[in-house]
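File shown: data.cif (mmCIF, C-alpha atoms and all ligand atoms).
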```cif
data_query
#
loop_
_atom_site.label_atom_id
_atom_site.label_comp_id
_atom_site.auth_asym_id
_atom_site.auth_seq_id
_atom_site.Cartn_x
_atom_site.Cartn_y
_atom_site.Cartn_z
CA MET A 1 0.00 0.00 0.00
CA ALA A 2 1.41 3.38 -0.99
CA ASP A 3 1.85 5.99 1.75
CA TRP A 4 -0.96 8.12 0.45
CA GLN A 5 -3.35 5.16 0.71
CA THR A 6 -2.70 4.68 4.42
CA LEU A 7 -5.73 5.66 6.44
CA SER A 8 -5.64 7.83 9.55
CA ASP A 9 -3.88 6.76 12.73
CA ARG A 10 -7.19 7.34 14.49
CA ILE A 11 -8.99 4.66 12.51
CA ASN A 12 -6.00 2.31 12.34
CA ASN A 13 -5.74 2.35 16.13
CA VAL A 14 -9.34 1.21 16.59
CA ALA A 15 -10.24 -2.47 16.79
CA PRO A 16 -13.36 -3.74 14.97
CA SER A 17 -16.37 -4.54 17.18
CA ALA A 18 -15.86 -8.19 18.12
CA THR A 19 -19.49 -8.67 19.16
CA LEU A 20 -20.72 -7.54 15.78
CA ALA A 21 -17.95 -9.48 13.99
CA VAL A 22 -19.00 -12.76 15.64
CA ASP A 23 -22.63 -11.97 14.89
CA SER A 24 -22.02 -11.24 11.22
CA LYS A 25 -19.82 -14.32 10.78
CA ALA A 26 -22.54 -16.48 12.36
CA LYS A 27 -25.20 -14.87 10.18
CA ALA A 28 -23.09 -15.34 7.04
CA MET A 29 -22.59 -19.03 7.87
CA LYS A 30 -26.36 -19.37 8.40
CA ALA A 31 -27.02 -17.68 5.06
CA ALA A 32 -24.65 -20.21 3.47
CA GLY A 33 -26.80 -23.01 4.87
CA VAL A 34 -24.76 -23.88 7.98
CA ASP A 35 -26.89 -24.51 11.06
CA VAL A 36 -25.14 -22.14 13.49
CA ILE A 37 -26.29 -21.55 17.06
CA GLY A 38 -25.64 -17.91 17.89
CA PHE A 39 -24.65 -16.95 21.42
CA GLY A 40 -22.82 -13.95 19.92
CA ALA A 41 -24.44 -10.51 19.92
CA GLY A 42 -26.68 -9.62 22.83
CA GLU A 43 -30.00 -9.31 21.10
CA PRO A 44 -33.35 -10.44 22.55
CA ASN A 45 -34.97 -13.02 20.25
CA PHE A 46 -38.43 -11.59 21.01
CA PRO A 47 -40.28 -9.31 18.60
CA THR A 48 -40.82 -5.69 19.61
CA PRO A 49 -44.16 -5.44 21.51
CA ASP A 50 -47.21 -4.95 19.23
CA TYR A 51 -48.25 -1.59 20.69
CA VAL A 52 -44.81 -0.17 19.89
CA VAL A 53 -44.91 -1.50 16.32
CA GLU A 54 -48.43 -0.07 15.92
CA ALA A 55 -47.28 3.37 17.05
CA ALA A 56 -44.49 3.23 14.46
CA ALA A 57 -46.82 2.05 11.69
CA GLU A 58 -49.20 4.89 12.44
CA ALA A 59 -46.31 7.36 12.55
CA CYS A 60 -45.15 6.17 9.12
CA ARG A 61 -48.46 7.25 7.58
CA ASP A 62 -48.25 10.77 8.98
CA PRO A 63 -46.15 13.02 6.69
CA ARG A 64 -45.12 15.12 9.69
CA ASN A 65 -42.96 12.21 10.70
CA HIS A 66 -41.20 12.17 7.35
CA ARG A 67 -39.30 15.29 8.39
CA TYR A 68 -36.39 16.13 10.66
CA THR A 69 -37.00 16.40 14.36
CA PRO A 70 -34.94 18.67 16.64
CA THR A 71 -31.43 17.19 16.85
CA PRO A 72 -31.69 16.18 20.55
CA GLY A 73 -35.00 14.43 19.90
CA LEU A 74 -38.76 14.92 19.86
CA PRO A 75 -39.84 16.99 22.88
CA GLU A 76 -42.43 14.29 23.82
CA LEU A 77 -39.72 11.63 23.86
CA ARG A 78 -37.34 13.72 25.94
CA GLU A 79 -40.19 14.33 28.39
CA ALA A 80 -41.05 10.62 28.50
CA ILE A 81 -37.40 9.78 29.20
CA ALA A 82 -37.26 12.36 32.02
CA ARG A 83 -40.41 10.79 33.55
CA LYS A 84 -38.94 7.32 33.15
CA MET A 85 -35.78 8.42 35.02
CA LEU A 86 -37.90 9.53 37.95
CA ARG A 87 -39.90 6.27 37.91
CA ASP A 88 -36.91 3.91 37.64
CA SER A 89 -33.87 5.76 39.00
CA GLY A 90 -35.81 7.76 41.57
CA TYR A 91 -34.57 11.26 40.85
CA GLU A 92 -35.67 14.21 38.79
CA VAL A 93 -34.09 15.37 35.57
CA THR A 94 -35.39 17.90 33.03
CA PRO A 95 -36.12 17.11 29.37
CA GLU A 96 -33.36 19.61 28.48
CA GLN A 97 -30.87 17.20 30.04
CA VAL A 98 -31.86 14.43 27.63
CA VAL A 99 -30.37 13.84 24.16
CA VAL A 100 -31.82 11.06 22.01
CA THR A 101 -29.07 9.19 20.16
CA ASN A 102 -28.73 6.52 17.48
CA GLY A 103 -28.61 3.64 19.89
CA GLY A 104 -26.78 3.59 23.20
CA LYS A 105 -23.55 3.31 21.24
CA GLN A 106 -23.75 6.86 19.90
CA ALA A 107 -24.32 8.09 23.45
CA VAL A 108 -21.10 6.33 24.53
CA TYR A 109 -19.22 7.90 21.64
CA GLU A 110 -20.58 11.39 22.31
CA ALA A 111 -19.86 11.23 26.04
CA PHE A 112 -16.14 10.76 25.45
CA GLN A 113 -15.94 13.22 22.58
CA ILE A 114 -17.32 15.83 24.96
CA LEU A 115 -15.29 14.98 28.05
CA LEU A 116 -11.82 14.14 26.81
CA ASN A 117 -8.77 16.01 25.64
CA ASP A 118 -5.82 14.15 24.14
CA GLY A 119 -4.13 12.01 26.77
CA ASP A 120 -6.98 12.15 29.30
CA GLU A 121 -7.49 8.83 31.05
CA VAL A 122 -10.71 6.90 31.57
CA ILE A 123 -10.85 4.14 34.16
CA ILE A 124 -12.69 1.17 32.70
CA PRO A 125 -13.67 -1.61 35.11
CA THR A 126 -12.74 -4.80 33.27
CA PRO A 127 -14.20 -7.07 31.84
CA TYR A 128 -15.78 -4.24 29.86
CA TRP A 129 -18.14 -3.91 26.95
CA THR A 130 -16.05 -4.10 23.82
CA SER A 131 -16.85 -0.62 22.44
CA TYR A 132 -15.87 1.43 25.52
CA PRO A 133 -12.08 1.54 25.04
CA GLU A 134 -12.47 2.17 21.33
CA ALA A 135 -14.81 5.12 21.97
CA VAL A 136 -12.27 6.49 24.46
CA LYS A 137 -9.44 6.10 21.93
CA LEU A 138 -11.50 7.75 19.19
CA ALA A 139 -11.75 10.79 21.45
CA GLY A 140 -7.96 10.89 21.96
CA GLY A 141 -8.26 9.40 25.44
CA VAL A 142 -6.38 6.58 27.12
CA PRO A 143 -8.36 3.59 28.48
CA VAL A 144 -7.09 2.42 31.87
CA GLU A 145 -8.26 -1.10 32.69
CA VAL A 146 -8.96 -2.18 36.26
CA PHE A 147 -9.63 -5.91 36.26
CA ALA A 148 -11.93 -7.90 38.57
CA GLY A 149 -12.26 -11.60 37.76
CA ALA A 150 -14.60 -14.47 38.51
CA ASP A 151 -13.02 -14.83 41.97
CA ARG A 152 -14.61 -11.47 42.91
CA SER A 153 -17.81 -12.20 40.97
CA PHE A 154 -16.56 -9.49 38.60
CA GLU A 155 -17.22 -6.77 41.20
CA PRO A 156 -14.76 -3.85 40.89
CA ASP A 157 -12.50 -3.08 43.85
CA ILE A 158 -12.49 0.57 44.91
CA ASP A 159 -8.89 0.32 46.16
CA ALA A 160 -7.76 -0.91 42.74
CA ILE A 161 -9.69 1.96 41.14
CA GLU A 162 -8.00 4.47 43.44
CA ALA A 163 -4.61 2.91 42.67
CA ALA A 164 -5.26 3.52 38.96
CA ARG A 165 -6.10 7.21 39.45
CA THR A 166 -3.60 9.76 38.13
CA ALA A 167 -3.60 13.51 37.51
CA ARG A 168 -4.99 12.71 34.03
CA THR A 169 -8.00 10.66 35.24
CA ARG A 170 -11.03 12.34 33.74
CA ALA A 171 -13.79 9.75 33.90
CA ILE A 172 -14.82 6.29 35.05
CA ILE A 173 -17.33 3.94 33.45
CA VAL A 174 -19.98 2.19 35.53
CA THR A 175 -21.90 -0.69 33.94
CA SER A 176 -24.26 -2.53 36.22
CA PRO A 177 -25.85 -4.89 35.31
CA SER A 178 -22.73 -5.62 33.35
CA ASN A 179 -22.14 -6.58 29.78
CA PRO A 180 -20.22 -8.94 29.43
CA THR A 181 -20.27 -10.54 32.90
CA GLY A 182 -23.92 -10.28 33.94
CA ALA A 183 -22.75 -9.05 37.36
CA VAL A 184 -24.94 -6.63 39.29
CA TRP A 185 -22.57 -4.50 41.38
CA SER A 186 -23.51 -4.10 45.01
CA ARG A 187 -24.96 -0.86 46.32
CA GLU A 188 -21.78 -0.48 48.42
CA THR A 189 -19.55 -0.62 45.36
CA ILE A 190 -21.75 1.84 43.45
CA GLU A 191 -21.74 4.17 46.46
CA ALA A 192 -17.98 3.89 46.90
CA ILE A 193 -17.39 4.75 43.23
CA GLY A 194 -19.80 7.68 43.44
CA ARG A 195 -18.15 9.12 46.55
CA TRP A 196 -14.67 8.56 45.12
CA ALA A 197 -15.70 10.36 41.89
CA VAL A 198 -17.09 13.33 43.81
CA GLU A 199 -14.00 13.58 45.99
CA HIS A 200 -11.59 13.50 43.05
CA HIS A 201 -13.69 15.42 40.48
CA VAL A 202 -13.93 12.49 38.11
CA TRP A 203 -16.84 12.25 35.64
CA VAL A 204 -19.01 9.14 35.85
CA VAL A 205 -20.40 7.58 32.70
CA SER A 206 -23.08 5.14 33.86
CA ASP A 207 -24.40 2.69 31.27
CA GLU A 208 -27.77 1.56 32.61
CA ILE A 209 -29.11 -0.25 29.54
CA TYR A 210 -29.65 -3.58 31.37
CA GLU A 211 -31.28 -1.92 34.41
CA HIS A 212 -34.45 -4.05 34.40
CA LEU A 213 -32.76 -7.41 33.90
CA ASN A 214 -32.08 -8.61 37.46
CA TYR A 215 -32.45 -12.13 38.88
CA ASP A 216 -32.22 -13.94 42.21
CA GLY A 217 -33.29 -10.83 44.12
CA ALA A 218 -30.43 -8.67 42.81
CA ARG A 219 -31.36 -5.02 42.21
CA THR A 220 -29.80 -2.37 40.04
CA SER A 221 -28.35 0.48 42.11
CA TYR A 222 -28.44 3.79 40.27
CA ILE A 223 -25.35 5.83 41.08
CA GLY A 224 -27.24 9.13 40.68
CA GLN A 225 -29.73 7.97 43.27
CA VAL A 226 -27.28 6.40 45.70
CA VAL A 227 -24.92 9.41 45.60
CA PRO A 228 -27.01 12.48 44.66
CA GLU A 229 -23.90 14.73 44.79
CA VAL A 230 -22.52 12.95 41.71
CA ARG A 231 -25.32 14.13 39.42
CA ASP A 232 -23.44 17.28 38.39
CA GLN A 233 -20.69 15.08 36.96
CA LEU A 234 -22.79 12.15 35.75
CA ILE A 235 -23.69 11.06 32.22
CA VAL A 236 -26.29 8.29 32.17
CA LEU A 237 -26.52 6.15 29.04
CA ASN A 238 -29.54 4.05 28.15
CA GLY A 239 -31.84 3.00 25.31
CA VAL A 240 -34.86 0.97 24.28
CA ALA A 241 -32.90 -1.92 22.70
CA LYS A 242 -32.68 -4.40 25.55
CA THR A 243 -35.75 -3.37 27.55
CA TYR A 244 -38.26 -3.56 24.69
CA ALA A 245 -36.48 -5.89 22.25
CA MET A 246 -35.77 -2.94 19.93
CA THR A 247 -32.13 -3.42 18.91
CA GLY A 248 -32.76 -2.60 15.25
CA TRP A 249 -34.70 0.61 15.89
CA ARG A 250 -31.58 2.45 17.05
CA VAL A 251 -32.91 4.61 19.84
CA GLY A 252 -30.68 5.39 22.79
CA TRP A 253 -30.11 8.48 24.90
CA LEU A 254 -27.87 10.22 27.32
CA VAL A 255 -28.95 12.21 30.35
CA ALA A 256 -26.39 14.72 31.59
CA PRO A 257 -26.00 18.16 33.14
CA GLU A 258 -27.46 20.67 30.69
CA PRO A 259 -24.17 22.06 29.30
CA VAL A 260 -23.09 18.49 28.49
CA ALA A 261 -26.44 17.71 26.85
CA LYS A 262 -26.13 20.90 24.76
CA ALA A 263 -22.63 19.88 23.73
CA ALA A 264 -23.90 16.42 22.70
CA ALA A 265 -26.62 18.00 20.57
CA LYS A 266 -24.02 20.28 18.96
CA LEU A 267 -21.85 17.29 18.09
CA GLN A 268 -24.77 15.24 16.85
CA GLY A 269 -25.88 18.17 14.69
CA HIS A 270 -22.76 17.59 12.59
CA MET A 271 -22.88 13.80 12.65
CA THR A 272 -26.29 12.24 12.26
CA SER A 273 -28.80 14.98 13.15
CA ASN A 274 -31.89 13.45 14.74
CA VAL A 275 -32.65 9.78 15.26
CA ALA A 276 -35.16 8.46 12.68
CA ASN A 277 -38.42 10.23 13.41
CA VAL A 278 -40.54 7.06 13.19
CA SER A 279 -38.19 5.23 15.57
CA GLN A 280 -38.59 8.07 18.05
CA ARG A 281 -42.39 7.76 17.81
CA ALA A 282 -42.03 4.05 18.55
CA ALA A 283 -39.78 4.87 21.49
CA ILE A 284 -42.40 7.24 22.93
CA ALA A 285 -44.83 4.30 23.02
CA ALA A 286 -42.18 2.10 24.62
CA VAL A 287 -40.73 4.46 27.22
CA GLY A 288 -44.11 6.05 27.99
CA GLY A 289 -45.71 2.65 28.60
CA ASP A 290 -45.32 0.10 31.37
CA LEU A 291 -42.61 -2.49 31.93
CA ASP A 292 -44.75 -5.60 31.37
CA ALA A 293 -42.87 -6.58 28.21
CA VAL A 294 -39.46 -6.54 29.88
CA TYR A 295 -40.79 -8.41 32.91
CA ALA A 296 -42.14 -11.15 30.62
CA MET A 297 -38.81 -11.36 28.81
CA ARG A 298 -36.98 -11.38 32.11
CA GLU A 299 -38.92 -14.47 33.18
CA ALA A 300 -37.93 -16.23 29.98
CA PHE A 301 -34.29 -15.10 30.34
CA ASP A 302 -34.23 -16.36 33.91
CA VAL A 303 -35.14 -19.90 32.78
CA ARG A 304 -32.40 -19.73 30.14
CA ARG A 305 -29.90 -18.29 32.61
CA LYS A 306 -30.32 -21.27 34.91
CA ALA A 307 -30.14 -23.69 32.00
CA ILE A 308 -26.98 -22.22 30.49
CA VAL A 309 -25.09 -21.85 33.77
CA ALA A 310 -25.84 -25.49 34.64
CA ALA A 311 -24.85 -26.66 31.16
CA LEU A 312 -21.60 -24.67 31.12
CA ASN A 313 -20.54 -25.81 34.56
CA ALA A 314 -21.22 -29.43 33.55
CA ILE A 315 -18.44 -29.17 30.94
CA ASP A 316 -15.08 -30.35 32.21
CA GLY A 317 -12.73 -27.34 32.08
CA VAL A 318 -15.43 -24.64 32.19
CA HIS A 319 -16.32 -22.55 35.23
CA CYS A 320 -19.19 -20.07 35.05
CA PRO A 321 -20.21 -17.95 38.05
CA THR A 322 -24.00 -17.41 38.22
CA PRO A 323 -24.80 -14.01 36.72
CA THR A 324 -27.62 -12.02 38.36
CA GLY A 325 -28.17 -9.46 35.62
CA ALA A 326 -28.38 -8.73 31.87
CA PHE A 327 -28.48 -11.81 29.60
CA TYR A 328 -24.87 -12.92 29.45
CA ALA A 329 -23.00 -15.85 30.96
CA PHE A 330 -19.27 -15.18 31.21
CA ALA A 331 -17.45 -18.46 31.53
CA ASP A 332 -13.83 -19.09 32.50
CA VAL A 333 -12.66 -21.51 29.82
CA SER A 334 -8.97 -21.56 30.68
CA GLY A 335 -9.36 -25.26 31.55
CA LEU A 336 -10.08 -25.98 27.86
CA LEU A 337 -6.89 -24.40 26.58
CA ASN A 338 -3.81 -26.37 25.52
CA ARG A 339 -5.61 -29.70 25.34
CA PRO A 340 -7.05 -31.65 22.38
CA LEU A 341 -10.69 -30.87 21.65
CA GLY A 342 -13.24 -32.12 19.14
CA VAL A 343 -12.95 -35.07 16.76
CA ASN A 344 -9.87 -33.50 15.14
CA GLY A 345 -8.10 -33.10 18.48
CA SER A 346 -7.50 -29.39 17.76
CA VAL A 347 -5.71 -27.42 20.45
CA ALA A 348 -6.54 -23.81 21.32
CA THR A 349 -3.90 -21.71 23.05
CA SER A 350 -6.21 -18.75 23.69
CA SER A 351 -9.92 -18.08 24.15
CA ALA A 352 -9.89 -16.28 20.78
CA GLU A 353 -8.68 -19.48 19.10
CA LEU A 354 -11.15 -21.51 21.11
CA ALA A 355 -14.08 -19.33 19.96
CA ALA A 356 -12.95 -19.65 16.33
CA MET A 357 -12.66 -23.46 16.62
CA LEU A 358 -16.01 -23.77 18.37
CA LEU A 359 -17.67 -21.85 15.56
CA ASP A 360 -15.89 -23.68 12.72
CA GLU A 361 -16.13 -27.21 14.13
CA ALA A 362 -19.27 -27.23 16.34
CA HIS A 363 -21.10 -24.32 14.71
CA VAL A 364 -21.56 -22.57 18.04
CA ALA A 365 -20.91 -18.81 18.12
CA ALA A 366 -19.66 -17.14 21.32
CA VAL A 367 -17.56 -14.01 21.83
CA PRO A 368 -13.97 -14.50 23.08
CA GLY A 369 -12.98 -12.79 26.32
CA GLU A 370 -10.19 -10.92 24.51
CA ALA A 371 -12.93 -8.61 23.16
CA PHE A 372 -13.75 -7.59 26.74
CA GLY A 373 -10.22 -7.30 28.14
CA ALA A 374 -10.52 -10.77 29.71
CA PRO A 375 -8.58 -13.47 27.87
CA GLY A 376 -9.45 -16.98 29.05
CA TYR A 377 -13.20 -16.37 29.06
CA LEU A 378 -16.04 -16.80 26.56
CA ARG A 379 -19.23 -14.72 26.62
CA PHE A 380 -22.51 -16.44 25.83
CA SER A 381 -25.60 -14.31 25.23
CA TYR A 382 -28.58 -16.38 26.35
CA ALA A 383 -31.17 -14.13 24.72
CA LEU A 384 -31.84 -16.87 22.14
CA ALA A 385 -34.69 -19.42 21.98
CA ASP A 386 -34.71 -22.23 24.59
CA ASP A 387 -34.35 -25.06 22.06
CA GLN A 388 -31.44 -23.26 20.39
CA LEU A 389 -29.79 -22.78 23.76
CA ALA A 390 -30.15 -26.45 24.63
CA GLU A 391 -28.81 -27.55 21.24
CA GLY A 392 -25.88 -25.11 21.43
CA MET A 393 -24.88 -26.40 24.86
CA ARG A 394 -25.28 -30.01 23.72
CA ARG A 395 -22.90 -29.31 20.83
CA PHE A 396 -20.37 -27.52 23.04
CA GLN A 397 -20.40 -30.38 25.53
CA ALA A 398 -20.12 -33.05 22.80
CA TRP A 399 -17.32 -31.12 21.09
CA VAL A 400 -15.27 -30.92 24.27
CA GLY A 401 -15.89 -34.64 24.78
N1 LIG A 501 -24.44 -4.69 22.91
C1 LIG A 501 -24.66 -5.97 22.33
C2 LIG A 501 -23.51 -6.90 22.62
O1 LIG A 501 -22.63 -6.59 23.40
C3 LIG A 501 -24.95 -5.84 20.87
C4 LIG A 501 -23.77 -5.78 19.95
C5 LIG A 501 -22.96 -4.56 20.16
O2 LIG A 501 -23.49 -3.48 19.93
O3 LIG A 501 -21.83 -4.68 20.60
O4 LIG A 501 -23.49 -7.97 22.11
#
```
Starting from the file, lay out its structure as structure tokens.
Amino acid sequence: MADWQTLSDRINNVAPSATLAVDSKAKAMKAAGVDVIGFGAGEPNFPTPDYVVEAAAEACRDPRNHRYTPTPGLPELREAIARKMLRDSGYEVTPEQVVVTNGGKQAVYEAFQILLNDGDEVIIPTPYWTSYPEAVKLAGGVPVEVFAGADRSFEPDIDAIEAARTARTRAIIVTSPSNPTGAVWSRETIEAIGRWAVEHHVWVVSDEIYEHLNYDGARTSYIGQVVPEVRDQLIVLNGVAKTYAMTGWRVGWLVAPEPVAKAAAKLQGHMTSNVANVSQRAAIAAVGGDLDAVYAMREAFDVRRKAIVAALNAIDGVHCPTPTGAFYAFADVSGLLNRPLGVNGSVATSSAELAAMLLDEAHVAAVPGEAFGAPGYLRFSYALADDQLAEGMRRFQAWVG
């Protein structure tokens, strides 16, 4: 490649999204006629609730919805999101603090574009969702990983967080319930992080997209509720994707102090403008309605959660702590490395190799821990149909032997 053809350092330094890569490889294999079981991308297998689809269908027929909306979103949607915050997180925000984004992912991206100067550091409790460090890097920032493994049930340690703090620490990410681990961090941990952030003037970016998916009596603690003083330095990220089975509609949002929300709208005004008008109308029906749909899905996920954890732990060489949130099982597979597996006796030396072999030989798609800063693990999304889950686990078990 000639020099002039080399793309920017910014893009060359960014890794592709591993969750989406696994998903598209699995979908391509399916399209080619291979019967793949997909535990890859976290995507509820349920359809979007009827009343939400109806609202969108109606909105499609109204020419007013064929036009732009204000960049930060339809006023009715921003109001509905503010009301939802009060209902679920227990504190008041104004509609002016809300910016509607193209999925939660754009909210992540915007948060770091707004907060970071070159060289600013962001503490990322690890295992982390795969897009966080890349969004930090795209903003010129430096991701600083603070790892907590299965031995701590993936719960971050405030002393380790403090040890990672430097003069350049600008923000910390909070994700509870967690993608990829399914851990629900304790109220004490959330409180400790909130107090630490206030004391040291560190911004908190709290991704609350799995807030309603709790099991075994676990409850999501909202950092803005537990530590009210943090709200002036808090950016909450959320969206309709996981709560209402609306991944493809691309509606997320951020809620932040007003100057930050204004800055996000300014940025978005040059990037994507508003989120699709019809999708916003659908989101008004979703966010403005009750939580029955997510509670019904949660019941189904709970059955699958128990099934997958039991199946994974029954495999010699796999250890999976029981997750109490989201819809991911994060299994330690280090016991499967460096030993012959499958009929060919193939040997994996890393979880990335293991995931590739599992897909090629057993047609089971899972995301390797490397994508989440946690080599030696595999992430299984259990938001797929029960019979698929059972078949996928049967194949994994049979493949290991
Ligand atoms: N957030 C989901 C996941 O982690 C969807 C894919 C993505 O956006 O990364 O699998």
A:Val227 environment, 8 Å, only C-alpha atoms, sequence neighbours closer than 3 positions dropped, as a PyMOL selection string: chain A and resi 191+194-195+223-224+230-231
Between atom CA of A:Arg187 and atom CA of A:Val226, what is the spacing in Å?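 Here the two named atoms are 7.6 Å from each other.
As for atom CA of A:Glu299 and atom CA of A:Ala245, they are spaced 14.1 Å apart.
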Per residue of stretch 92-204 of chain A within 8 Å of stretch 254-273 of chain A, which atom pair is closest and at what distance in Å (one decimal), using all atoms listed in the file, listed by chain and increasing number, as a tab-separated table?
```
residue	atom	partner	partner_atom	distance
A:Val93	CA	A:Val255	CA	8.0
A:Glu96	CA	A:Glu258	CA	6.4
A:Gln97	CA	A:Glu258	CA	4.9
A:Val98	CA	A:Val255	CA	4.6
A:Val99	CA	A:Leu254	CA	5.4
A:Val100	CA	A:Leu254	CA	6.7
A:Thr101	CA	A:Leu254	CA	7.3
A:Gly104	CA	A:Leu254	CA	7.9
A:Ala107	CA	A:Leu254	CA	5.7
A:Glu110	CA	A:Ala264	CA	6.0
A:Ala111	CA	A:Ala264	CA	7.4
A:Ile114	CA	A:Ala263	CA	6.8
```
Convert the current residue selection to file output with C-alpha atoms, as a tab-separated table (two decimals), keeping the file's coordinate frame.
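Output saved as out.tsv:
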```tsv
chain	number	residue	atom	x	y	z
A	93	VAL	CA	-34.09	15.37	35.57
A	96	GLU	CA	-33.36	19.61	28.48
A	97	GLN	CA	-30.87	17.20	30.04
A	98	VAL	CA	-31.86	14.43	27.63
A	99	VAL	CA	-30.37	13.84	24.16
A	100	VAL	CA	-31.82	11.06	22.01
A	101	THR	CA	-29.07	9.19	20.16
A	104	GLY	CA	-26.78	3.59	23.20
A	107	ALA	CA	-24.32	8.09	23.45
A	110	GLU	CA	-20.58	11.39	22.31
A	111	ALA	CA	-19.86	11.23	26.04
A	114	ILE	CA	-17.32	15.83	24.96
```
Nearby polymer residues, ligand LIG 501 (chain A), at most 8 Å, all atoms listed in the file, as number ranges by chain: A: 17-20, 40-43, 105, 129-131, 179-180, 247, 381
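The interatomic distance for the pair atom CA of A:Asp35 and atom CA of A:Ala326 works out to 26.2 Å.
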Quick one: of A:Phe39, A:Trp4, A:Tyr295, A:Phe147, who's nearest to A:Tyr382, counting only C-alpha atoms?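 The closest residue to A:Tyr382 is A:Phe39.
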Given only C-alpha atoms as the counted atoms, nearest of A:Glu79, A:Gln280, A:Asp207, A:Phe396 to A:Met246: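 Using only C-alpha atoms, A:Met246 sits closest to A:Gln280.
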Near A:Ala286, within 7 Å and counting only C-alpha atoms, which residues show up once chain neighbours fewer than 3 positions away are dropped, as a list in words? Val52, Tyr244, Ala282, Ala283 and Gly289 of chain A
For A:Val400, which of A:Gly73, A:Gly317, A:Pro125, A:Gly325 is the closest residue, counting all atoms listed in the file? A:Gly317
Residues around (-10.1, 13.9, 27.0), cut-off 9 Å, counting all atoms listed in the file - what are they as a PyMOL selection string? chain A and resi 112-122+136+139-142+168+170-171
Residue subset to file, keeping C-alpha atoms, as a PDB file, keeping the file's coordinate frame:
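selection.pdb, freshly written:
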```
ATOM      1  CA  PHE A 112     -16.140  10.760  25.450  1.00  0.00           C
ATOM      2  CA  GLN A 113     -15.940  13.220  22.580  1.00  0.00           C
ATOM      3  CA  ILE A 114     -17.320  15.830  24.960  1.00  0.00           C
ATOM      4  CA  LEU A 115     -15.290  14.980  28.050  1.00  0.00           C
ATOM      5  CA  LEU A 116     -11.820  14.140  26.810  1.00  0.00           C
ATOM      6  CA  ASN A 117      -8.770  16.010  25.640  1.00  0.00           C
ATOM      7  CA  ASP A 118      -5.820  14.150  24.140  1.00  0.00           C
ATOM      8  CA  GLY A 119      -4.130  12.010  26.770  1.00  0.00           C
ATOM      9  CA  ASP A 120      -6.980  12.150  29.300  1.00  0.00           C
ATOM     10  CA  GLU A 121      -7.490   8.830  31.050  1.00  0.00           C
ATOM     11  CA  VAL A 122     -10.710   6.900  31.570  1.00  0.00           C
ATOM     12  CA  VAL A 136     -12.270   6.490  24.460  1.00  0.00           C
ATOM     13  CA  ALA A 139     -11.750  10.790  21.450  1.00  0.00           C
ATOM     14  CA  GLY A 140      -7.960  10.890  21.960  1.00  0.00           C
ATOM     15  CA  GLY A 141      -8.260   9.400  25.440  1.00  0.00           C
ATOM     16  CA  VAL A 142      -6.380   6.580  27.120  1.00  0.00           C
ATOM     17  CA  ARG A 168      -4.990  12.710  34.030  1.00  0.00           C
ATOM     18  CA  ARG A 170     -11.030  12.340  33.740  1.00  0.00           C
ATOM     19  CA  ALA A 171     -13.790   9.750  33.900  1.00  0.00           C
TER      20      ALA A 171
END
```
May I have the residues within 10 Å of stretch 310-313 of chain A as a ChimeraX atom specification, using all atoms listed in the file and disregarding those fewer than 4 positions away in the same chain? /A:304-306,317-322,329-333,380,389-390,392-394,396-397
Put the listed atoms of stretch 364-369 of chain A in a box along x, y and z with 5 Å added on every side and give me the centre and edge lengths in Å to one decimal, as lines of an AutoDock Vina configuration file.
```
center_x = -17.3
center_y = -17.7
center_z = 22.2
size_x = 18.6
size_y = 19.8
size_z = 18.3
```
Can you pull out every residue within 7 Å of A:Leu234, counting all atoms listed in the file, but drop anything in the same chain fewer than 5 positions away, and send it as a list in words? Trp203, Val204, Val205 and Ala256 of chain A
With a distance cut-off of 7 Å and all atoms listed in the file, select the neighbouring residues of A:Glu134, excluding the residue or stretch itself and same-chain residues fewer than 3 positions from it, and output the selection as a list in words. Val14, Ala15, Ser131, Lys137 and Leu138 of chain A
Taking all atoms listed in the file into account, which of A:Ala348, A:Ser279, A:Phe46, A:Glu370 comes nearest A:Thr243?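 Using all atoms listed in the file, the shortest distance to A:Thr243 belongs to A:Phe46.
Nearest residue to A:Leu336, choosing from A:Trp399, A:Thr220, A:Asp302, A:Ala183 and counting only C-alpha atoms: A:Trp399.
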Reconstructed N, CA and C atoms for stretch 118-123 of chain A, given as a short mmCIF file (atom, residue, chain, number, x, y, z; two decimals), keeping the file's coordinate frame:
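The result, stored in result02.cif:
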```cif
data_model
loop_
_atom_site.label_atom_id
_atom_site.label_comp_id
_atom_site.auth_asym_id
_atom_site.auth_seq_id
_atom_site.Cartn_x
_atom_site.Cartn_y
_atom_site.Cartn_z
N ASP A 118 -6.86 15.15 24.44
CA ASP A 118 -5.82 14.15 24.14
C ASP A 118 -5.06 13.77 25.41
N GLY A 119 -4.92 12.49 25.64
CA GLY A 119 -4.13 12.01 26.77
C GLY A 119 -4.92 11.88 28.07
N ASP A 120 -6.17 12.34 28.09
CA ASP A 120 -6.98 12.15 29.30
C ASP A 120 -7.27 10.66 29.50
N GLU A 121 -7.31 10.26 30.76
CA GLU A 121 -7.49 8.83 31.05
C GLU A 121 -8.91 8.53 31.52
N VAL A 122 -9.39 7.37 31.12
CA VAL A 122 -10.71 6.90 31.57
C VAL A 122 -10.52 5.54 32.24
N ILE A 123 -10.95 5.43 33.47
CA ILE A 123 -10.85 4.14 34.16
C ILE A 123 -12.02 3.26 33.72
#
```
